[in-house]
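The file run19.pdb contains PDB, C-alpha atoms:
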```pdb
MODEL        1
ATOM      1  CA  MET T 120      42.358  16.416 106.423
ATOM      2  CA  LYS T 121      43.241  19.078 103.913
ATOM      3  CA  LYS T 122      45.912  18.022 101.459
ATOM      4  CA  GLN T 123      49.084  20.034 101.598
ATOM      5  CA  THR T 124      49.664  22.171  98.552
ATOM      6  CA  HIS T 125      52.643  24.092  97.243
ATOM      7  CA  ILE T 126      53.278  27.432  95.605
ATOM      8  CA  CYS T 127      54.320  27.801  91.988
ATOM      9  CA  LEU T 128      57.694  29.505  91.761
ATOM     10  CA  VAL T 129      56.643  31.215  88.536
ATOM     11  CA  CYS T 130      53.128  32.577  89.042
ATOM     12  CA  ALA T 131      52.608  32.018  92.797
ATOM     13  CA  TYR T 132      49.598  29.745  92.260
ATOM     14  CA  PRO T 133      49.214  28.037  95.654
ATOM     15  CA  GLY T 134      47.614  24.757  94.558
ATOM     16  CA  LEU T 135      50.482  22.615  93.285
ATOM     17  CA  ALA T 136      50.308  19.009  94.460
ATOM     18  CA  GLU T 137      54.065  18.663  94.945
ATOM     19  CA  PRO T 138      56.992  20.920  95.773
ATOM     20  CA  PRO T 139      58.396  22.150  92.443
ATOM     21  CA  ARG T 140      61.797  20.803  93.427
ATOM     22  CA  THR T 141      62.898  18.138  95.854
ATOM     23  CA  LYS T 142      65.850  18.582  98.175
ATOM     24  CA  SER T 143      67.897  16.436  95.807
ATOM     25  CA  GLY T 144      67.332  19.040  93.110
ATOM     26  CA  GLY T 145      64.966  16.992  90.996
ATOM     27  CA  GLY T 146      61.955  18.557  89.355
ATOM     28  CA  SER T 147      58.439  17.451  90.231
ATOM     29  CA  TYR T 148      57.454  17.286  86.518
ATOM     30  CA  GLU T 149      54.165  18.849  87.579
ATOM     31  CA  ILE T 150      52.697  21.296  85.081
ATOM     32  CA  CYS T 151      51.371  24.357  86.875
ATOM     33  CA  PRO T 152      47.708  24.527  85.870
ATOM     34  CA  SER T 153      47.826  28.294  86.165
ATOM     35  CA  CYS T 154      50.855  29.358  84.132
ATOM     36  CA  GLY T 155      51.735  26.050  82.416
ATOM     37  CA  TYR T 156      55.348  25.903  83.587
ATOM     38  CA  GLN T 157      56.578  22.322  83.991
ATOM     39  CA  PHE T 158      59.185  21.954  86.700
ATOM     40  CA  GLY T 159      62.025  19.692  85.665
ATOM     41  CA  VAL T 160      61.264  20.262  81.983
ATOM     42  CA  ASP T 161      60.972  23.950  81.173
ATOM     43  CA  ASP T 162      63.898  24.707  83.459
ATOM     44  CA  ASP T 163      66.127  21.613  83.188
ATOM     45  CA  ASP T 164      65.510  20.862  79.518
ATOM     46  CA  LYS T 165      64.500  24.093  77.858
ATOM     47  CA  GLU T 166      66.422  26.277  80.319
ATOM     48  CA  ILE T 167      63.712  28.925  80.464
ATOM     49  CA  PRO T 168      64.144  31.060  83.597
ATOM     50  CA  HIS T 169      61.089  31.499  85.810
ATOM     51  CA  ALA T 170      61.103  35.261  85.278
ATOM     52  CA  THR T 171      61.150  34.892  81.505
ATOM     53  CA  TRP T 172      58.172  32.533  81.537
ATOM     54  CA  ARG T 173      56.348  34.774  83.998
ATOM     55  CA  LYS T 174      56.762  37.873  81.824
ATOM     56  CA  LYS T 175      55.618  36.023  78.735
ATOM     57  CA  TRP T 176      52.614  34.562  80.573
ATOM     58  CA  GLN T 177      51.634  37.938  81.994
ATOM     59  CA  ALA T 178      52.068  39.589  78.618
ATOM     60  CA  ALA T 179      49.636  37.041  77.195
ATOM     61  CA  GLY T 180      47.031  37.988  79.813
ATOM     62  CA  SER T 181      47.856  35.568  82.664
ATOM     63  CA  LYS T 182      45.362  33.062  81.296
ATOM     64  CA  TRP T 183      44.600  29.813  83.102
ATOM     65  CA  SER T 184      46.695  27.178  81.352
ATOM     66  CA  SER T 185      45.185  23.786  82.187
ATOM     67  CA  LYS T 186      42.481  22.313  80.002
ATOM     68  CA  SER T 187      41.565  19.607  82.482
ATOM     69  CA  ILE T 188      41.999  21.205  85.898
ATOM     70  CA  PRO T 189      39.373  23.886  86.515
ATOM     71  CA  GLN T 190      40.426  27.295  87.702
ATOM     72  CA  PRO T 191      39.534  27.905  91.372
ATOM     73  CA  LYS T 192      37.065  30.743  91.789
ATOM     74  CA  ASN T 193      39.232  32.426  94.356
ATOM     75  CA  TRP T 194      42.368  32.367  92.216
ATOM     76  CA  LYS T 195      43.164  35.674  90.656
ATOM     77  CA  PRO T 196      46.647  35.859  89.279
ATOM     78  CA  ALA T 197      48.260  38.945  90.602
ATOM     79  CA  LYS T 198      51.559  40.483  89.932
ATOM     80  CA  PRO T 199      54.143  38.150  91.357
ATOM     81  CA  ALA T 200      55.312  39.082  94.788
ATOM     82  CA  ALA T 201      58.352  41.240  94.780
ATOM     83  CA  LYS T 202      61.471  39.298  95.415
ATOM     84  CA  LYS T 203      62.512  39.513  99.021
ATOM     85  CA  SER T 204      65.621  41.550  99.206
ATOM     86  CA  ALA T 205      68.451  40.123 101.177
ATOM     87  CA  PRO T 206      68.774  41.571 104.682
ATOM     88  CA  LYS T 207      71.296  44.345 104.902
ATOM     89  CA  PRO T 208      74.439  43.293 106.643
ATOM     90  CA  ARG T 209      74.836  44.771 110.087
ATOM     91  CA  ARG T 210      77.657  47.108 110.578
TER
ATOM     92  CA  MET H 208      62.711 -51.050 124.911
ATOM     93  CA  ARG H 209      63.661 -52.888 121.734
ATOM     94  CA  SER H 210      61.515 -52.235 118.702
ATOM     95  CA  THR H 211      60.203 -55.121 116.652
ATOM     96  CA  PRO H 212      60.519 -55.320 112.830
ATOM     97  CA  THR H 213      56.777 -54.713 112.626
ATOM     98  CA  GLY H 214      57.100 -51.567 114.718
ATOM     99  CA  LYS H 215      59.919 -50.261 112.506
ATOM    100  CA  LEU H 216      57.836 -50.869 109.397
ATOM    101  CA  ALA H 217      54.884 -49.062 110.958
ATOM    102  CA  ARG H 218      57.048 -46.058 111.834
ATOM    103  CA  PHE H 219      58.533 -46.033 108.321
ATOM    104  CA  LEU H 220      55.099 -46.121 106.685
ATOM    105  CA  GLY H 221      53.918 -43.396 109.038
ATOM    106  CA  ALA H 222      56.826 -41.176 108.038
ATOM    107  CA  VAL H 223      56.118 -41.786 104.354
ATOM    108  CA  TRP H 224      52.455 -40.931 104.851
ATOM    109  CA  MET H 225      53.346 -37.766 106.771
ATOM    110  CA  PHE H 226      55.773 -36.644 104.049
ATOM    111  CA  ALA H 227      53.142 -37.238 101.367
ATOM    112  CA  ALA H 228      50.488 -35.425 103.386
ATOM    113  CA  LEU H 229      52.756 -32.424 103.948
ATOM    114  CA  SER H 230      53.700 -32.328 100.281
ATOM    115  CA  VAL H 231      50.035 -32.199  99.294
ATOM    116  CA  ALA H 232      49.289 -29.572 101.941
ATOM    117  CA  HIS H 233      52.070 -27.338 100.603
ATOM    118  CA  ALA H 234      51.367 -27.816  96.884
ATOM    119  CA  VAL H 235      51.771 -24.438  95.216
ATOM    120  CA  THR H 236      48.766 -23.105  93.339
ATOM    121  CA  LEU H 237      48.782 -20.477  90.638
ATOM    122  CA  THR H 238      46.589 -17.512  91.634
ATOM    123  CA  ALA H 239      47.354 -15.257  88.651
ATOM    124  CA  PRO H 240      48.420 -16.617  85.257
ATOM    125  CA  PRO H 241      51.695 -15.551  83.684
ATOM    126  CA  GLN H 242      51.766 -12.123  82.049
ATOM    127  CA  VAL H 243      54.492 -11.408  79.519
ATOM    128  CA  VAL H 244      55.978  -8.058  78.586
ATOM    129  CA  PRO H 245      58.170  -8.733  75.564
ATOM    130  CA  ALA H 246      60.852  -6.387  74.319
ATOM    131  CA  GLU H 247      63.316  -6.469  71.463
ATOM    132  CA  ARG H 248      65.910  -8.616  73.194
ATOM    133  CA  GLY H 249      64.201  -9.682  76.387
ATOM    134  CA  ALA H 250      60.953 -10.210  78.218
ATOM    135  CA  THR H 251      59.575  -9.899  81.710
ATOM    136  CA  ILE H 252      57.254 -12.631  82.919
ATOM    137  CA  THR H 253      55.141 -12.204  86.048
ATOM    138  CA  TRP H 254      52.749 -14.544  87.849
ATOM    139  CA  LYS H 255      51.356 -15.107  91.322
ATOM    140  CA  THR H 256      51.067 -18.096  93.628
ATOM    141  CA  ASP H 257      49.115 -18.698  96.810
ATOM    142  CA  VAL H 258      52.282 -19.163  98.872
ATOM    143  CA  GLU H 259      55.865 -18.026  98.599
ATOM    144  CA  CYS H 260      58.113 -20.249  96.524
ATOM    145  CA  GLY H 261      61.000 -20.005  94.101
ATOM    146  CA  SER H 262      60.646 -18.383  90.685
ATOM    147  CA  ARG H 263      61.869 -20.230  87.633
ATOM    148  CA  VAL H 264      61.178 -19.859  83.926
ATOM    149  CA  ASN H 265      62.276 -22.549  81.510
ATOM    150  CA  TYR H 266      62.179 -21.333  77.935
ATOM    151  CA  GLY H 267      63.273 -22.008  74.391
ATOM    152  CA  THR H 268      62.267 -21.597  70.769
ATOM    153  CA  LYS H 269      60.658 -25.056  70.611
ATOM    154  CA  ALA H 270      57.611 -25.892  72.704
ATOM    155  CA  ASP H 271      58.921 -29.344  73.548
ATOM    156  CA  PHE H 272      62.497 -28.293  74.212
ATOM    157  CA  LEU H 273      62.779 -25.581  76.866
ATOM    158  CA  ASP H 274      66.544 -25.706  77.080
ATOM    159  CA  GLN H 275      67.174 -22.405  78.847
ATOM    160  CA  ARG H 276      66.174 -21.174  82.250
ATOM    161  CA  ALA H 277      66.102 -18.014  84.357
ATOM    162  CA  ASP H 278      65.463 -17.771  88.084
ATOM    163  CA  GLY H 279      63.979 -15.063  90.266
ATOM    164  CA  SER H 280      63.588 -14.581  93.979
ATOM    165  CA  VAL H 281      61.425 -16.499  96.463
ATOM    166  CA  SER H 282      58.065 -14.758  96.480
ATOM    167  CA  ALA H 283      54.325 -15.156  96.015
ATOM    168  CA  SER H 284      54.408 -12.414  93.391
ATOM    169  CA  HIS H 285      56.959 -13.598  90.858
ATOM    170  CA  THR H 286      58.949 -11.629  88.315
ATOM    171  CA  VAL H 287      61.592 -13.138  86.081
ATOM    172  CA  THR H 288      63.407 -11.201  83.396
ATOM    173  CA  LEU H 289      64.719 -13.008  80.330
ATOM    174  CA  GLU H 290      67.654 -11.380  78.593
ATOM    175  CA  GLY H 291      69.681 -11.945  75.475
ATOM    176  CA  LEU H 292      66.741 -13.034  73.317
ATOM    177  CA  GLN H 293      66.546 -12.658  69.555
ATOM    178  CA  THR H 294      64.332  -9.958  68.081
ATOM    179  CA  GLY H 295      61.095 -10.942  66.394
ATOM    180  CA  THR H 296      61.348 -14.518  67.630
ATOM    181  CA  THR H 297      58.684 -16.683  69.252
ATOM    182  CA  TYR H 298      59.679 -18.257  72.555
ATOM    183  CA  PHE H 299      57.857 -20.932  74.546
ATOM    184  CA  PHE H 300      58.088 -21.002  78.312
ATOM    185  CA  ALA H 301      57.001 -22.706  81.509
ATOM    186  CA  VAL H 302      56.758 -20.891  84.826
ATOM    187  CA  GLY H 303      57.010 -22.382  88.285
ATOM    188  CA  SER H 304      59.741 -23.230  90.710
ATOM    189  CA  ALA H 305      62.654 -25.642  90.784
ATOM    190  CA  ARG H 306      60.221 -28.341  91.966
ATOM    191  CA  GLN H 307      57.228 -27.904  89.720
ATOM    192  CA  ARG H 308      55.906 -26.245  86.590
ATOM    193  CA  LEU H 309      52.676 -24.318  87.026
ATOM    194  CA  ALA H 310      51.825 -22.956  83.594
ATOM    195  CA  THR H 311      53.106 -22.694  80.060
ATOM    196  CA  GLY H 312      52.815 -20.102  77.324
ATOM    197  CA  SER H 313      54.547 -18.330  74.476
ATOM    198  CA  PHE H 314      55.423 -14.828  73.350
ATOM    199  CA  THR H 315      57.202 -13.094  70.501
ATOM    200  CA  THR H 316      59.921 -10.530  71.036
ATOM    201  CA  THR H 317      59.453  -7.194  69.316
ATOM    202  CA  SER H 318      61.366  -6.044  66.314
ATOM    203  CA  ASP H 319      59.958  -2.544  66.154
ATOM    204  CA  ALA H 320      62.476   0.189  66.949
ATOM    205  CA  SER H 321      59.750   2.176  68.704
ATOM    206  CA  GLY H 322      59.541  -0.557  71.315
ATOM    207  CA  ARG H 323      55.883  -1.232  70.790
ATOM    208  CA  PRO H 324      55.026  -4.931  70.907
ATOM    209  CA  LEU H 325      54.349  -6.319  67.496
ATOM    210  CA  PRO H 326      50.859  -7.554  66.837
ATOM    211  CA  LYS H 327      50.612 -11.280  67.326
ATOM    212  CA  LEU H 328      48.965 -13.069  64.472
ATOM    213  CA  GLN H 329      46.375 -15.582  65.454
ATOM    214  CA  GLU H 330      43.709 -17.455  63.586
ATOM    215  CA  ASN H 331      40.036 -16.805  64.041
ATOM    216  CA  THR H 332      37.299 -19.310  63.373
ATOM    217  CA  SER H 333      37.351 -18.621  59.649
ATOM    218  CA  GLY H 334      41.016 -19.480  59.539
ATOM    219  CA  LYS H 335      41.937 -15.957  58.469
ATOM    220  CA  ALA H 336      44.869 -14.405  60.272
ATOM    221  CA  VAL H 337      43.917 -11.353  62.333
ATOM    222  CA  ALA H 338      46.067  -9.020  64.357
ATOM    223  CA  ALA H 339      45.609  -8.913  68.105
ATOM    224  CA  PRO H 340      47.655  -6.900  70.573
ATOM    225  CA  LEU H 341      50.110  -9.073  72.471
ATOM    226  CA  LEU H 342      50.193  -6.891  75.517
ATOM    227  CA  LYS H 343      47.338  -4.901  76.954
ATOM    228  CA  PRO H 344      48.309  -2.070  79.293
ATOM    229  CA  PRO H 345      46.215  -1.695  82.445
ATOM    230  CA  PRO H 346      43.532   1.021  82.532
ATOM    231  CA  THR H 347      44.949   4.551  82.497
ATOM    232  CA  ARG H 348      43.733   5.163  86.048
ATOM    233  CA  ALA H 349      46.037   2.406  87.225
ATOM    234  CA  THR H 350      49.111   3.671  85.375
ATOM    235  CA  TRP H 351      48.995   7.480  85.466
ATOM    236  CA  GLY H 352      49.766   9.209  88.765
ATOM    237  CA  SER H 353      47.599  12.319  88.555
ATOM    238  CA  ILE H 354      44.677  11.725  86.240
ATOM    239  CA  ALA H 355      43.616  15.374  86.409
ATOM    240  CA  SER H 356      46.899  16.420  84.836
ATOM    241  CA  LEU H 357      47.074  13.771  82.117
ATOM    242  CA  GLN H 358      45.453  15.957  79.465
ATOM    243  CA  ASP H 359      48.025  18.697  80.055
ATOM    244  CA  HIS H 360      50.931  16.242  79.784
ATOM    245  CA  PHE H 361      49.423  14.780  76.621
ATOM    246  CA  ASP H 362      48.976  18.243  75.129
ATOM    247  CA  ARG H 363      52.627  19.063  75.766
ATOM    248  CA  HIS H 364      54.355  15.766  75.063
ATOM    249  CA  GLY H 365      51.943  13.458  73.240
ATOM    250  CA  ALA H 366      53.356  14.457  69.848
ATOM    251  CA  ASP H 367      56.821  13.224  70.920
ATOM    252  CA  PHE H 368      55.457   9.687  70.671
ATOM    253  CA  LYS H 369      52.738  10.264  68.071
ATOM    254  CA  ALA H 370      50.179   9.462  70.763
ATOM    255  CA  THR H 371      46.634   9.655  69.489
ATOM    256  CA  SER H 372      44.918  10.338  72.824
ATOM    257  CA  PRO H 373      45.708  10.840  76.509
ATOM    258  CA  ASP H 374      45.000   7.133  77.086
ATOM    259  CA  ASP H 375      47.370   6.155  74.282
ATOM    260  CA  TYR H 376      50.034   8.469  75.707
ATOM    261  CA  ALA H 377      49.626   6.968  79.202
ATOM    262  CA  ALA H 378      49.733   3.450  77.768
ATOM    263  CA  GLN H 379      52.973   4.208  75.928
ATOM    264  CA  ALA H 380      54.491   5.541  79.144
ATOM    265  CA  TRP H 381      53.562   2.293  80.908
ATOM    266  CA  LEU H 382      54.957   0.200  78.066
ATOM    267  CA  PHE H 383      58.164   2.220  78.203
ATOM    268  CA  LEU H 384      58.616   1.213  81.836
ATOM    269  CA  GLN H 385      57.972  -2.450  81.076
ATOM    270  CA  ARG H 386      60.505  -2.290  78.255
ATOM    271  CA  ALA H 387      62.997  -0.485  80.466
ATOM    272  CA  LYS H 388      62.750  -3.301  82.991
ATOM    273  CA  ALA H 389      63.086  -5.997  80.350
ATOM    274  CA  GLU H 390      65.951  -4.374  78.438
ATOM    275  CA  GLY H 391      67.782  -2.867  81.388
ATOM    276  CA  LEU H 392      67.539   0.761  80.268
ATOM    277  CA  PRO H 393      69.346   3.330  82.441
ATOM    278  CA  MET H 394      67.422   4.131  85.629
ATOM    279  CA  LYS H 395      67.953   6.504  88.536
ATOM    280  CA  LEU H 396      66.109   6.360  91.845
ATOM    281  CA  ASP H 397      65.710   9.587  93.781
ATOM    282  CA  ALA H 398      65.874   8.641  97.467
ATOM    283  CA  GLU H 399      64.375  11.998  98.395
ATOM    284  CA  ASP H 400      60.874  11.359  97.067
ATOM    285  CA  GLY H 401      61.067   7.893  95.488
ATOM    286  CA  THR H 402      60.921   9.197  91.921
ATOM    287  CA  LEU H 403      62.202   6.732  89.343
ATOM    288  CA  ARG H 404      63.766   8.291  86.270
ATOM    289  CA  VAL H 405      64.219   6.210  83.111
ATOM    290  CA  TRP H 406      66.183   7.052  79.989
ATOM    291  CA  GLU H 407      66.517   5.460  76.596
ATOM    292  CA  PRO H 408      69.530   6.888  74.746
ATOM    293  CA  LYS H 409      68.540   5.335  71.427
ATOM    294  CA  THR H 410      65.249   7.195  71.121
ATOM    295  CA  ARG H 411      66.182   9.950  73.611
ATOM    296  CA  SER H 412      63.029   9.215  75.584
ATOM    297  CA  PHE H 413      62.670  10.087  79.250
ATOM    298  CA  ALA H 414      60.035   9.165  81.802
ATOM    299  CA  ALA H 415      59.588   9.746  85.500
ATOM    300  CA  TYR H 416      57.507   7.476  87.717
ATOM    301  CA  ASN H 417      56.174   7.739  91.247
ATOM    302  CA  ARG H 418      57.365   5.311  93.910
ATOM    303  CA  ASP H 419      54.352   3.085  93.175
ATOM    304  CA  GLY H 420      55.200   2.856  89.476
ATOM    305  CA  THR H 421      52.548   5.269  88.195
ATOM    306  CA  THR H 422      53.715   7.788  85.626
ATOM    307  CA  LYS H 423      54.621  11.393  86.376
ATOM    308  CA  THR H 424      55.593  12.441  82.874
ATOM    309  CA  PHE H 425      56.948  11.054  79.590
ATOM    310  CA  PHE H 426      58.701  13.101  76.932
ATOM    311  CA  LYS H 427      61.736  13.525  74.687
ATOM    312  CA  PRO H 428      64.138  16.119  76.056
ATOM    313  CA  SER H 429      65.936  18.315  73.566
ATOM    314  CA  ASN H 430      68.847  19.155  75.833
ATOM    315  CA  PRO H 431      71.785  16.760  75.292
ATOM    316  CA  GLN H 432      72.782  17.009  78.962
ATOM    317  CA  TYR H 433      69.299  16.360  80.314
ATOM    318  CA  TRP H 434      69.804  12.799  81.538
ATOM    319  CA  ASP H 435      73.163  13.583  83.105
ATOM    320  CA  ARG H 436      71.577  16.438  85.048
ATOM    321  CA  GLN H 437      68.875  14.302  86.585
ATOM    322  CA  PRO H 438      69.528  13.370  90.213
ATOM    323  CA  GLY H 439      69.278   9.905  91.721
ATOM    324  CA  ARG H 440      71.230   6.735  92.305
ATOM    325  CA  LYS H 441      71.718   4.441  89.339
ATOM    326  CA  ILE H 442      69.782   1.225  89.877
ATOM    327  CA  THR H 443      68.770  -1.922  88.031
ATOM    328  CA  ALA H 444      65.273  -3.228  87.399
ATOM    329  CA  ALA H 445      65.796  -5.948  89.994
ATOM    330  CA  GLU H 446      65.928  -3.289  92.723
ATOM    331  CA  LEU H 447      62.488  -1.889  91.921
ATOM    332  CA  LYS H 448      59.850  -2.457  94.561
ATOM    333  CA  PHE H 449      56.931  -2.473  92.167
ATOM    334  CA  ARG H 450      56.117  -4.672  89.196
TER
ENDMDL
END
```
Hey, can you dump this file as structure tokens for me?
Amino acid sequence: MKKQTHICLVCAYPGLAEPPRTKSGGGSYEICPSCGYQFGVDDDDKEIPHATWRKKWQAAGSKWSSKSIPQPKNWKPAKPAAKKSAPKPRR
Amino acid sequence: MRSTPTGKLARFLGAVWMFAALSVAHAVTLTAPPQVVPAERGATITWKTDVECGSRVNYGTKADFLDQRADGSVSASHTVTLEGLQTGTTYFFAVGSARQRLATGSFTTTSDASGRPLPKLQENTSGKAVAAPLLKPPPTRATWGSIASLQDHFDRHGADFKATSPDDYAAQAWLFLQRAKAEGLPMKLDAEDGTLRVWEPKTRSFAAYNRDGTTKTFFKPSNPQYWDRQPGRKITAAELKFR
């Protein structure tokens, strides 16, 4: 059975082992192997917004971050998906 | 039918024999020797028996005078936490139940502010004192949750604890949990995913553990509100479901 994976809220890497945040609001403490953002640390402790980290990571060439987890061949960091705009209220 | 004095004696002897036989049949046997995790002002002692029975530790600073005691729950996997000990002091102990003592030993509480157990001096065959670690953490694979990510956690946070390698970093995280249990450091349990969060105000160290006790991460937050922000119900070490 294929293990369920989760999407990084910063770089959209789809291979995280845990949801970045639980329903209680706690971070997973997982370090995204793609962009290096650590949920529950870079946000809760260092207070770095996802967008700020993303811009910095992209400016540095969107390099694979992890030294121990190999980069999947099919993973090509793209521009993060545009934020879904809220549906327009019906009139 | 009236019983004769001989019959009464026979029944009495039979009952005595049965009691003795049952006592022998239910004699508790040690299946894992006592392991001690000392801290500055406490220690956690664990051992295992073949059947469930009470948990009792008699202890003191003299081997022949164990004048204090601490009890744990009825179990085959025993854990008893000693509190209120003096730092840097050698204690002698006996583990067992209220009925019998199964093993004896000794340990020395730490006096290092970092929480690392102090080396225990022992004599080798030449009579020269050599240092030997008092507590040996289990292999990293048994203590770290996601081995593949350990290097990344070490790279980011290893310097917080002057860790010399990923294995050293993982070992320190495990020791931190043992010390937290022994000293009663603040803990929060997240009912959502079973994450245990541990905090030591003195050194401003934080660790998160999976529901099975393996480590998620270990670091020193810089944000003064970090611990207060972390979710979870405050718990004590006695409520933990893992050793």
TODO: Kindly provide, as a VMD selection string, the residues of chain T having any atom no farther than 9 Å from an atom of chain H, counting all atoms listed in the file.
DONE: chain T and resid 141 to 150 152 155 159 to 160 163 to 166 184 to 188
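In this structure, atom CA of H:Thr422 sits 18.8 Å away from atom CA of H:Arg440.
The gap separating atom CA of H:Arg306 from atom CA of H:Val235 is 9.9 Å, in Å to one decimal.
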Residues near T:Tyr132, cut-off 12 Å, only C-alpha atoms, skip fewer than 5 positions along chain, as a tab-separated table (two decimals) with C-alpha atoms, keeping the file's coordinate frame:
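Contents of around.tsv, freshly written:
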```tsv
chain	number	residue	atom	x	y	z
T	124	THR	CA	49.66	22.17	98.55
T	125	HIS	CA	52.64	24.09	97.24
T	126	ILE	CA	53.28	27.43	95.60
T	127	CYS	CA	54.32	27.80	91.99
T	139	PRO	CA	58.40	22.15	92.44
T	150	ILE	CA	52.70	21.30	85.08
T	151	CYS	CA	51.37	24.36	86.88
T	152	PRO	CA	47.71	24.53	85.87
T	153	SER	CA	47.83	28.29	86.16
T	154	CYS	CA	50.86	29.36	84.13
T	155	GLY	CA	51.74	26.05	82.42
T	156	TYR	CA	55.35	25.90	83.59
T	173	ARG	CA	56.35	34.77	84.00
T	181	SER	CA	47.86	35.57	82.66
T	183	TRP	CA	44.60	29.81	83.10
T	184	SER	CA	46.70	27.18	81.35
T	190	GLN	CA	40.43	27.30	87.70
T	191	PRO	CA	39.53	27.90	91.37
T	193	ASN	CA	39.23	32.43	94.36
T	194	TRP	CA	42.37	32.37	92.22
T	195	LYS	CA	43.16	35.67	90.66
T	196	PRO	CA	46.65	35.86	89.28
T	197	ALA	CA	48.26	38.94	90.60
T	198	LYS	CA	51.56	40.48	89.93
T	199	PRO	CA	54.14	38.15	91.36
T	200	ALA	CA	55.31	39.08	94.79
```
- [ ] Enter the distance from atom CA of H:Thr288 to atom CA of H:Asp271, in Å, rounded to one decimal.
- [x] 21.1 Å
